[in-house]
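Asks: Data file model.txt (compact mmCIF, C-alpha atoms) is appended below.
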```
# COMPACT_ATOMS: atom_id res chain seq x y z
CA MET A 29 65.27 104.69 145.82
CA GLU A 30 67.84 101.91 146.00
CA ARG A 31 70.25 102.34 143.12
CA PRO A 32 71.84 99.14 141.74
CA GLN A 33 75.53 98.83 140.95
CA HIS A 34 74.73 96.79 137.84
CA TYR A 35 71.78 94.98 136.29
CA ARG A 36 70.57 93.24 133.13
CA PHE A 37 68.46 95.25 130.68
CA HIS A 38 67.57 93.08 127.69
CA GLN A 39 64.96 94.13 125.14
CA GLY A 40 64.47 93.74 121.40
CA GLN A 41 65.90 91.07 119.14
CA LYS A 42 69.53 90.04 118.69
CA CYS A 43 71.05 91.33 115.42
CA LEU A 44 74.69 90.44 114.67
CA PRO A 45 77.07 90.51 111.70
CA PHE A 46 77.55 86.72 111.83
CA ALA A 47 75.60 83.63 112.80
CA PRO A 48 75.82 82.37 116.40
CA GLU A 49 77.92 79.42 115.20
CA GLU A 50 80.63 81.83 114.02
CA TYR A 51 80.99 83.38 117.47
CA GLU A 52 80.86 80.00 119.18
CA ALA A 53 83.75 78.82 117.00
CA ARG A 54 85.80 81.90 117.92
CA LEU A 55 85.02 81.43 121.61
CA ALA A 56 85.97 77.76 121.41
CA GLY A 57 89.37 78.73 120.05
CA LEU A 58 89.78 81.31 122.81
CA ARG A 59 88.73 78.89 125.55
CA ALA A 60 91.24 76.34 124.32
CA ALA A 61 93.95 79.01 124.57
CA LEU A 62 92.81 79.93 128.09
CA ALA A 63 92.90 76.31 129.20
CA GLU A 64 96.37 75.85 127.75
CA ALA A 65 97.58 78.93 129.63
CA GLY A 66 95.91 77.86 132.88
CA LEU A 67 93.56 80.84 132.95
CA ASP A 68 90.06 80.88 134.43
CA ALA A 69 88.78 83.90 132.50
CA ALA A 70 89.68 86.56 129.96
CA ILE A 71 88.82 90.25 130.41
CA PHE A 72 88.77 92.16 127.13
CA THR A 73 88.73 95.95 127.02
CA SER A 74 89.63 96.75 123.40
CA MET A 75 87.11 97.51 120.67
CA HIS A 76 88.62 94.94 118.32
CA ASN A 77 88.61 91.94 120.64
CA ILE A 78 85.18 92.70 122.10
CA ALA A 79 83.83 92.99 118.56
CA TYR A 80 85.65 89.85 117.41
CA TYR A 81 84.38 87.58 120.16
CA SER A 82 80.93 89.10 120.73
CA GLY A 83 79.97 91.26 117.74
CA PHE A 84 79.48 94.36 119.89
CA LEU A 85 81.43 97.45 118.82
CA TYR A 86 81.25 99.99 121.61
CA CYS A 87 81.40 103.79 121.67
CA SER A 88 83.44 104.65 124.74
CA PHE A 89 82.93 108.40 125.16
CA GLY A 90 85.09 108.25 128.28
CA ARG A 91 83.50 105.14 129.80
CA PRO A 92 85.07 101.67 130.05
CA TYR A 93 83.53 98.69 128.27
CA GLY A 94 84.42 95.03 128.51
CA LEU A 95 83.85 91.41 127.62
CA VAL A 96 84.37 88.62 130.14
CA VAL A 97 84.85 85.10 128.80
CA THR A 98 85.04 82.02 131.05
CA GLN A 99 84.78 78.36 130.09
CA THR A 100 80.98 78.64 130.34
CA GLU A 101 80.06 82.31 129.95
CA SER A 102 80.52 85.21 127.53
CA VAL A 103 79.28 88.50 128.96
CA THR A 104 79.66 92.02 127.61
CA ILE A 105 79.90 94.83 130.18
CA SER A 106 78.36 98.13 129.09
CA ALA A 107 77.37 101.52 130.49
CA GLY A 108 73.80 102.48 131.31
CA ILE A 109 73.81 105.27 128.75
CA ASP A 110 73.55 102.62 125.99
CA ALA A 111 70.51 100.86 127.51
CA ALA A 112 69.82 97.54 125.72
CA GLN A 113 71.69 98.26 122.49
CA PRO A 114 74.83 96.34 123.61
CA TRP A 115 72.71 93.28 124.41
CA ARG A 116 70.97 93.39 121.03
CA ARG A 117 74.34 93.66 119.27
CA CYS A 118 76.30 91.02 121.19
CA HIS A 119 76.50 87.26 121.18
CA GLY A 120 75.91 86.02 124.69
CA ASP A 121 74.91 87.82 127.86
CA ASN A 122 75.19 91.50 128.78
CA ILE A 123 75.45 93.31 132.11
CA THR A 124 74.83 97.06 132.42
CA TYR A 125 76.77 98.94 135.06
CA THR A 126 75.53 102.21 136.55
CA ASP A 127 77.13 105.59 137.18
CA TRP A 128 75.74 105.92 140.71
CA GLU A 129 78.94 104.67 142.34
CA ARG A 130 82.50 104.90 141.07
CA ASN A 131 84.00 101.67 139.68
CA ASN A 132 80.72 99.84 139.25
CA TYR A 133 82.28 98.65 135.99
CA TRP A 134 84.69 96.48 137.97
CA ARG A 135 81.94 95.31 140.31
CA ALA A 136 80.00 94.11 137.26
CA ILE A 137 83.05 92.21 136.01
CA ALA A 138 83.59 90.69 139.46
CA SER A 139 80.01 89.39 139.41
CA VAL A 140 81.08 87.14 136.53
CA THR A 141 84.68 86.26 137.40
CA GLY A 142 84.58 86.22 141.15
CA THR A 143 87.86 86.93 142.98
CA GLY A 144 91.14 85.09 143.34
CA LYS A 145 91.13 83.67 139.81
CA ALA A 146 93.80 83.37 137.11
CA LEU A 147 92.94 86.13 134.65
CA GLY A 148 93.97 87.04 131.13
CA TYR A 149 93.93 90.66 129.97
CA GLU A 150 95.14 92.75 127.03
CA GLY A 151 98.54 94.15 127.88
CA ASP A 152 98.55 96.37 124.81
CA HIS A 153 95.25 98.03 125.70
CA MET A 154 94.57 98.11 129.44
CA THR A 155 95.92 101.27 131.06
CA LEU A 156 97.99 101.23 134.22
CA ALA A 157 95.09 102.83 136.09
CA GLN A 158 92.62 100.15 135.00
CA LYS A 159 95.13 97.39 135.71
CA ALA A 160 95.43 98.69 139.29
CA LEU A 161 91.63 98.63 139.62
CA MET A 162 91.47 95.10 138.25
CA ASP A 163 94.00 93.97 140.82
CA SER A 164 92.11 95.75 143.60
CA PHE A 165 88.57 94.58 142.79
CA LEU A 166 89.30 91.07 141.48
CA ALA A 167 92.37 90.15 143.59
CA PRO A 168 93.58 87.75 140.89
CA ALA A 169 95.72 84.78 141.83
CA SER A 170 97.70 85.54 138.67
CA THR A 171 97.43 87.59 135.50
CA SER A 172 98.69 87.01 131.97
CA ASP A 173 98.75 89.07 128.79
CA ILE A 174 96.57 87.26 126.23
CA ALA A 175 96.71 89.94 123.51
CA PRO A 176 99.33 88.07 121.41
CA ALA A 177 97.26 84.87 121.42
CA THR A 178 94.09 86.67 120.38
CA MET A 179 95.96 88.48 117.61
CA ARG A 180 97.16 85.17 116.21
CA GLN A 181 93.59 83.86 116.24
CA ARG A 182 92.25 86.94 114.45
CA MET A 183 94.91 86.64 111.73
CA HIS A 184 93.23 83.49 110.37
CA LYS A 185 89.90 84.42 108.79
CA SER A 186 86.86 82.17 108.64
CA PRO A 187 84.86 81.78 105.41
CA ALA A 188 82.21 84.08 106.89
CA GLU A 189 84.79 86.76 107.61
CA ILE A 190 86.26 86.50 104.12
CA ALA A 191 82.77 86.88 102.63
CA LEU A 192 82.25 90.11 104.62
CA ILE A 193 85.71 91.41 103.71
CA ARG A 194 84.94 90.70 100.04
CA HIS A 195 81.82 92.86 100.34
CA GLY A 196 83.94 95.58 101.92
CA ALA A 197 86.43 95.54 99.06
CA GLN A 198 83.59 95.88 96.56
CA VAL A 199 82.14 98.81 98.52
CA ALA A 200 85.58 100.46 98.50
CA ASP A 201 85.55 100.17 94.70
CA VAL A 202 82.16 101.93 94.62
CA GLY A 203 83.69 104.80 96.58
CA GLY A 204 86.67 104.88 94.22
CA TYR A 205 84.52 105.28 91.13
CA ALA A 206 82.46 108.01 92.81
CA ILE A 207 85.66 109.89 93.65
CA ARG A 208 86.97 109.52 90.11
CA ASP A 209 83.74 111.00 88.76
CA ALA A 210 84.00 113.99 91.13
CA ILE A 211 87.58 114.99 90.22
CA ARG A 212 88.01 118.17 88.19
CA PRO A 213 90.08 121.36 88.46
CA GLY A 214 88.57 123.87 90.89
CA THR A 215 87.03 121.23 93.18
CA ARG A 216 88.11 121.02 96.82
CA GLU A 217 89.55 117.90 98.40
CA ILE A 218 86.68 117.77 100.89
CA ASP A 219 84.04 117.86 98.14
CA VAL A 220 85.61 114.88 96.38
CA ALA A 221 86.00 113.00 99.66
CA MET A 222 82.33 113.48 100.57
CA ALA A 223 81.24 112.08 97.20
CA GLY A 224 83.18 108.88 97.90
CA ARG A 225 82.01 108.57 101.49
CA ASP A 226 78.34 109.10 100.64
CA ALA A 227 78.47 106.52 97.84
CA MET A 228 79.98 103.91 100.16
CA GLU A 229 77.55 104.50 103.01
CA LEU A 230 74.60 104.12 100.66
CA GLU A 231 76.10 100.92 99.24
CA ILE A 232 76.71 99.47 102.71
CA ALA A 233 73.10 100.22 103.67
CA ARG A 234 71.90 98.51 100.49
CA ARG A 235 73.97 95.37 101.12
CA PHE A 236 73.47 95.21 104.90
CA PRO A 237 70.04 96.67 105.72
CA GLU A 238 70.13 95.52 109.37
CA ALA A 239 73.64 96.72 110.20
CA GLU A 240 74.71 99.71 112.27
CA TYR A 241 76.32 102.38 110.08
CA ARG A 242 79.39 104.14 111.40
CA ASP A 243 82.96 105.18 110.74
CA THR A 244 83.18 104.88 106.93
CA TRP A 245 85.55 107.58 105.70
CA VAL A 246 87.72 108.88 102.84
CA TRP A 247 91.16 110.44 102.74
CA PHE A 248 91.48 112.28 99.44
CA GLN A 249 94.78 114.14 99.09
CA SER A 250 96.19 116.40 96.39
CA GLY A 251 99.56 118.01 95.62
CA ILE A 252 101.84 118.26 98.63
CA ASN A 253 99.14 116.66 100.78
CA THR A 254 99.88 113.31 99.12
CA ASP A 255 103.26 113.04 100.88
CA GLY A 256 101.82 111.06 103.82
CA ALA A 257 99.55 108.05 103.70
CA HIS A 258 97.29 109.26 106.54
CA ASN A 259 97.09 112.98 105.81
CA PRO A 260 93.59 114.33 106.58
CA VAL A 261 91.32 115.92 104.00
CA THR A 262 91.63 119.69 103.52
CA GLY A 263 89.94 122.43 101.51
CA ARG A 264 92.77 122.58 98.97
CA VAL A 265 91.48 123.23 95.44
CA LEU A 266 92.55 120.82 92.71
CA GLU A 267 94.63 122.13 89.82
CA ARG A 268 95.46 120.61 86.46
CA GLY A 269 98.57 118.44 86.71
CA ASP A 270 98.09 117.75 90.44
CA ILE A 271 99.06 114.37 91.82
CA LEU A 272 96.18 112.84 93.79
CA SER A 273 95.80 110.05 96.32
CA LEU A 274 92.44 108.28 96.51
CA ASN A 275 91.82 106.39 99.77
CA THR A 276 88.41 104.83 100.52
CA PHE A 277 87.73 103.06 103.82
CA PRO A 278 84.35 101.41 104.24
CA MET A 279 83.56 100.09 107.73
CA ILE A 280 81.09 97.21 108.01
CA SER A 281 80.36 95.95 111.53
CA GLY A 282 83.90 96.71 112.70
CA TYR A 283 85.54 95.26 109.58
CA TYR A 284 87.73 97.71 107.71
CA THR A 285 88.69 97.49 104.06
CA ALA A 286 90.58 99.90 101.83
CA LEU A 287 91.23 101.03 98.29
CA GLU A 288 94.14 103.38 97.55
CA ARG A 289 95.17 104.73 94.16
CA THR A 290 97.45 107.36 92.62
CA LEU A 291 95.75 109.69 90.10
CA PHE A 292 96.59 112.89 88.25
CA VAL A 293 94.32 115.76 87.23
CA GLY A 294 94.20 116.05 83.45
CA GLU A 295 97.83 115.30 82.68
CA VAL A 296 100.97 113.74 84.14
CA ASP A 297 104.50 114.99 83.48
CA THR A 298 107.32 112.70 82.37
CA ALA A 299 109.18 112.57 85.70
CA SER A 300 106.01 111.79 87.64
CA LEU A 301 104.99 109.14 85.16
CA GLU A 302 108.35 107.40 85.59
CA VAL A 303 107.97 107.22 89.39
CA TRP A 304 104.33 106.19 89.13
CA GLU A 305 105.10 103.34 86.74
CA ALA A 306 107.92 102.14 88.99
CA ASN A 307 105.56 102.03 91.97
CA VAL A 308 102.95 100.19 89.90
CA GLY A 309 105.69 97.72 88.94
CA ALA A 310 106.52 97.15 92.60
CA HIS A 311 102.82 96.72 93.34
CA GLU A 312 102.39 94.04 90.68
CA TYR A 313 105.62 92.31 91.70
CA GLY A 314 104.61 92.36 95.34
CA MET A 315 101.20 90.84 94.62
CA SER A 316 102.89 88.03 92.69
CA LEU A 317 104.93 87.17 95.81
CA LEU A 318 101.94 86.64 98.12
CA LYS A 319 101.40 82.90 98.45
CA PRO A 320 101.39 80.23 101.18
CA GLY A 321 104.77 79.37 102.68
CA VAL A 322 106.37 82.77 102.09
CA SER A 323 107.29 84.92 105.07
CA CYS A 324 106.42 88.59 105.44
CA ALA A 325 110.12 89.43 105.76
CA GLU A 326 110.96 87.58 102.55
CA VAL A 327 108.32 89.49 100.58
CA THR A 328 109.63 92.74 102.03
CA ARG A 329 113.25 92.00 101.12
CA LYS A 330 112.33 91.24 97.52
CA ILE A 331 110.34 94.45 97.04
CA ASN A 332 113.18 96.39 98.69
CA ALA A 333 115.53 94.93 96.09
CA PHE A 334 113.13 95.93 93.30
CA PHE A 335 113.16 99.56 94.46
CA ALA A 336 116.90 99.57 95.18
CA GLU A 337 117.65 98.48 91.59
CA ARG A 338 115.80 101.61 90.45
CA ASP A 339 117.43 103.91 93.05
CA LEU A 340 114.05 104.49 94.72
CA LEU A 341 114.25 102.57 98.00
CA GLN A 342 115.18 105.71 99.94
CA TYR A 343 111.73 107.13 99.12
CA ARG A 344 109.82 104.28 100.77
CA THR A 345 108.14 105.46 103.99
CA PHE A 346 106.43 102.42 105.59
CA GLY A 347 105.78 98.67 105.24
CA TYR A 348 104.30 97.11 102.13
CA GLY A 349 101.04 95.74 103.54
CA HIS A 350 99.10 94.45 106.53
CA SER A 351 96.35 92.12 107.67
CA PHE A 352 92.67 92.95 107.31
CA GLY A 353 89.76 92.07 109.59
CA VAL A 354 88.43 93.68 112.78
CA LEU A 355 90.53 96.83 112.75
CA SER A 356 90.26 100.54 112.08
CA HIS A 357 92.23 103.75 112.12
CA TYR A 358 91.57 104.16 115.84
CA TYR A 359 91.48 100.59 117.13
CA GLY A 360 92.98 97.22 116.39
CA ARG A 361 95.99 96.02 114.44
CA GLU A 362 97.22 92.52 113.69
CA ALA A 363 100.87 93.45 113.93
CA GLY A 364 102.03 89.86 113.45
CA LEU A 365 100.89 89.95 109.82
CA GLU A 366 102.58 92.98 108.29
CA LEU A 367 104.99 93.15 105.37
CA ARG A 368 108.05 94.45 107.23
CA GLU A 369 111.67 93.37 107.55
CA ASP A 370 111.25 92.18 111.15
CA ILE A 371 108.05 90.11 110.74
CA ASP A 372 108.78 86.41 110.17
CA THR A 373 105.15 85.24 110.01
CA VAL A 374 104.63 82.77 107.17
CA LEU A 375 101.59 83.32 104.97
CA GLU A 376 98.88 80.65 105.25
CA PRO A 377 95.56 80.03 103.47
CA GLY A 378 92.77 82.09 105.01
CA MET A 379 94.94 85.10 105.80
CA VAL A 380 93.91 88.42 104.24
CA ILE A 381 96.64 90.95 103.47
CA SER A 382 97.17 94.11 101.45
CA MET A 383 99.88 95.03 98.99
CA GLU A 384 100.46 98.79 99.19
CA PRO A 385 103.90 100.10 98.21
CA MET A 386 104.35 103.86 98.53
CA LEU A 387 107.06 106.24 97.37
CA THR A 388 107.27 109.87 98.55
CA ILE A 389 109.37 112.19 96.39
CA PRO A 390 110.15 115.45 98.28
CA GLU A 391 109.01 118.85 97.05
CA GLY A 392 111.47 120.49 94.68
CA GLN A 393 112.50 117.23 93.04
CA PRO A 394 111.17 115.99 89.68
CA GLY A 395 108.04 113.91 90.21
CA ALA A 396 107.37 115.31 93.69
CA GLY A 397 104.47 113.75 95.59
CA GLY A 398 103.26 110.53 97.14
CA TYR A 399 102.56 107.47 94.99
CA ARG A 400 100.56 104.58 96.44
CA GLU A 401 98.58 101.64 95.11
CA HIS A 402 96.65 99.31 97.40
CA ASP A 403 94.88 96.00 96.76
CA ILE A 404 93.52 93.40 99.20
CA LEU A 405 94.36 89.74 98.65
CA VAL A 406 93.06 86.53 100.22
CA VAL A 407 95.74 83.88 100.59
CA THR A 408 94.54 80.60 99.03
CA GLU A 409 95.92 77.06 98.94
CA ASP A 410 98.19 77.81 95.98
CA GLY A 411 98.45 81.59 95.70
CA ALA A 412 96.37 84.65 96.50
CA GLU A 413 93.10 86.06 95.15
CA ASN A 414 92.93 89.80 94.55
CA ILE A 415 89.48 90.99 95.69
CA THR A 416 90.03 94.66 94.72
CA GLY A 417 88.48 95.61 91.39
CA TYR A 418 89.19 99.30 90.78
CA PRO A 419 91.96 99.65 88.12
CA TYR A 420 95.39 101.05 88.98
CA GLY A 421 97.95 102.88 86.88
CA PRO A 422 98.13 105.74 84.34
CA GLY A 423 95.87 104.12 81.78
CA PHE A 424 92.77 104.68 83.94
CA ASN A 425 93.73 107.28 86.50
CA VAL A 426 94.63 110.45 84.63
CA VAL A 427 91.23 112.07 85.05
CA GLY A 428 89.23 115.29 85.22
```
So that I can check it, write out the structure of this file as structure tokens.

Replies:
Amino acid sequence: MERPQHYRFHQGQKCLPFAPEEYEARLAGLRAALAEAGLDAAIFTSMHNIAYYSGFLYCSFGRPYGLVVTQTESVTISAGIDAAQPWRRCHGDNITYTDWERNNYWRAIASVTGTGKALGYEGDHMTLAQKALMDSFLAPASTSDIAPATMRQRMHKSPAEIALIRHGAQVADVGGYAIRDAIRPGTREIDVAMAGRDAMELEIARRFPEAEYRDTWVWFQSGINTDGAHNPVTGRVLERGDILSLNTFPMISGYYTALERTLFVGEVDTASLEVWEANVGAHEYGMSLLKPGVSCAEVTRKINAFFAERDLLQYRTFGYGHSFGVLSHYYGREAGLELREDIDTVLEPGMVISMEPMLTIPEGQPGAGGYREHDILVVTEDGAENITGYPYGPGFNVVG
């Protein structure tokens, strides 16, 4: 039997998160950037950029995946183990590479790009080993890192993206209410987290019956476990008076949204209430600052001043917010749109950004624990629209 290095295996019907026109608009923006940079083709290897330009969100499991974009073609490169699923879930063409011979992945890419061309790649994702293979198999005339340009493109959301993100925020609220209903003394963190996750997955399936369902998750933290924003769920049992951190993360076709809230079980002591209300104040102040023409650094400086006036700035542990879109906890990040001191990006209509101040008071001090509120806002022509609906603050979130 003659075993091919790569082939096309197309069956079934295309099914994508967005209409073909949405992907063509994204590709047109990319091709304009390639032409401006003098590049013949772009080779994408990251989950976020492949999903952004084609709709296909791969599962690597130790195998490389790709997307090759030229001025005339858009071709995903996938492993044989996935059969025709990548073709059904991508805009454009798909080539399957085989395992019969090492580096057939690069031979499949070469069948699209040819050799001796000017190539763009993702400098923040491609490993040194894969870069060496690219140079060997494709013999590029030149190479250029196009990750910054693609990040800037992803930072500006289309109306279709904003509509999907709005759905995601509403699903996050569904998870939040399910978590609130599950909170009571004697319940484990993991039990509460599963209630929120299950509610969100069912809601996503109801809203998007033809989607692929994957990666929706919850971080639900209690007591000392609230000190970090990304602390995993444990089997800790909730006790009356515990500080809690509710974090719901629905994933819809590669688009991540989030809801994060501080809660207490049954009662909240005076010291904790004082810190909580201060963080809520920073949250509300921060949301009021999000509008076109304001830089990320400027917003950050003003919230820093708010906390410093209350002698709380030393308890801040990370930036105040970030962009939303094609990203997740294990892929993607639009680092140019984050509320940090060193980010000078100016907010523009169509950007989507969170406001999420957090204070961590160390164990042994009055009010110990982590306090965090998180809403998602869409920057408009004259301000920002908050698309998160679940209430924040002590009036609603002393529960169980």

Asks: Using only C-alpha atoms for the distances, tell me which of A:Ala157, A:Cys43, A:Val427, A:Leu341 is nearest to Pro92 (chain A).

Replies: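 Looking at the shortest contact to Pro92 (chain A), the residue is A:Ala157.
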
Asks: Restricting the calculation to only C-alpha atoms, which member of A:Phe292, A:Tyr359, A:Tyr399, A:Trp115 is positioned closest to Ala306 (chain A)?

Replies: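 Among the listed residues, the smallest separation from Ala306 (chain A) belongs to A:Tyr399.
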
Asks: Hey, which of A:Leu192, A:Ala239, A:Leu291, A:Ala69 ends up closest to Ile415 (chain A)? Count all atoms listed in the file.

Replies: A:Leu192

Asks: Specify the axis-aligned box that encloses all atoms of region 155-159 of chain A listed in the file after padding of 6 Å on each side, stating its centre and edge lengths in Å to one decimal as JSON.

Replies:
```
{"center_x": 95.3, "center_y": 100.1, "center_z": 133.6, "size_x": 17.4, "size_y": 17.4, "size_z": 17.0}
```

Asks: Around (80.0, 89.3, 127.3) in the file's frame, which residues reach within 8 Å when counting all atoms listed in the file? Return as a list in words?

Replies: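 Taken together, the residues in range are Ser82, Gly94, Leu95, Val96, Val97, Glu101, Ser102, Val103, Thr104, Ile105, Cys118, His119, Gly120, Asp121, Asn122 and Ile123 of chain A.
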
Asks: Using only C-alpha atoms, what residues lie at most 12 Å away from (90.7, 96.1, 118.2) (file coordinates), given as an mmCIF file with C-alpha atoms, keeping the file's coordinate frame?

Replies:
```cif
data_model
loop_
_atom_site.group_PDB
_atom_site.id
_atom_site.type_symbol
_atom_site.label_atom_id
_atom_site.label_comp_id
_atom_site.auth_asym_id
_atom_site.auth_seq_id
_atom_site.Cartn_x
_atom_site.Cartn_y
_atom_site.Cartn_z
ATOM 1 C CA PHE A 72 88.770 92.160 127.130
ATOM 2 C CA THR A 73 88.730 95.950 127.020
ATOM 3 C CA SER A 74 89.630 96.750 123.400
ATOM 4 C CA MET A 75 87.110 97.510 120.670
ATOM 5 C CA HIS A 76 88.620 94.940 118.320
ATOM 6 C CA ASN A 77 88.610 91.940 120.640
ATOM 7 C CA ILE A 78 85.180 92.700 122.100
ATOM 8 C CA ALA A 79 83.830 92.990 118.560
ATOM 9 C CA TYR A 80 85.650 89.850 117.410
ATOM 10 C CA TYR A 81 84.380 87.580 120.160
ATOM 11 C CA GLY A 83 79.970 91.260 117.740
ATOM 12 C CA PHE A 84 79.480 94.360 119.890
ATOM 13 C CA LEU A 85 81.430 97.450 118.820
ATOM 14 C CA TYR A 86 81.250 99.990 121.610
ATOM 15 C CA GLU A 150 95.140 92.750 127.030
ATOM 16 C CA ASP A 152 98.550 96.370 124.810
ATOM 17 C CA HIS A 153 95.250 98.030 125.700
ATOM 18 C CA ALA A 175 96.710 89.940 123.510
ATOM 19 C CA THR A 178 94.090 86.670 120.380
ATOM 20 C CA MET A 179 95.960 88.480 117.610
ATOM 21 C CA ARG A 182 92.250 86.940 114.450
ATOM 22 C CA GLY A 282 83.900 96.710 112.700
ATOM 23 C CA TYR A 283 85.540 95.260 109.580
ATOM 24 C CA TYR A 284 87.730 97.710 107.710
ATOM 25 C CA PHE A 352 92.670 92.950 107.310
ATOM 26 C CA GLY A 353 89.760 92.070 109.590
ATOM 27 C CA VAL A 354 88.430 93.680 112.780
ATOM 28 C CA LEU A 355 90.530 96.830 112.750
ATOM 29 C CA SER A 356 90.260 100.540 112.080
ATOM 30 C CA HIS A 357 92.230 103.750 112.120
ATOM 31 C CA TYR A 358 91.570 104.160 115.840
ATOM 32 C CA TYR A 359 91.480 100.590 117.130
ATOM 33 C CA GLY A 360 92.980 97.220 116.390
ATOM 34 C CA ARG A 361 95.990 96.020 114.440
ATOM 35 C CA GLU A 362 97.220 92.520 113.690
ATOM 36 C CA ALA A 363 100.870 93.450 113.930
#
```

Asks: Smallest atom-to-atom distance to Pro394 (chain A): which of A:Ile137, A:Ala233, A:Val303, A:Cys324, using all atoms listed in the file?

Replies: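 Using all atoms listed in the file, the shortest distance to Pro394 (chain A) belongs to A:Val303.
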
Asks: Rank A:Gly421, A:Pro213, A:Gly378, A:Pro390 by their smallest atom-to-atom distance to His311 (chain A), using only C-alpha atoms, and report the top residue only.

Replies: A:Gly421

Asks: If I take CA of Gly269 (chain A) and CA of Gly294 (chain A), how far is one from the other in Å, to one decimal?

Replies: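 Separation between CA of Gly269 (chain A) and CA of Gly294 (chain A): 6.0 Å.
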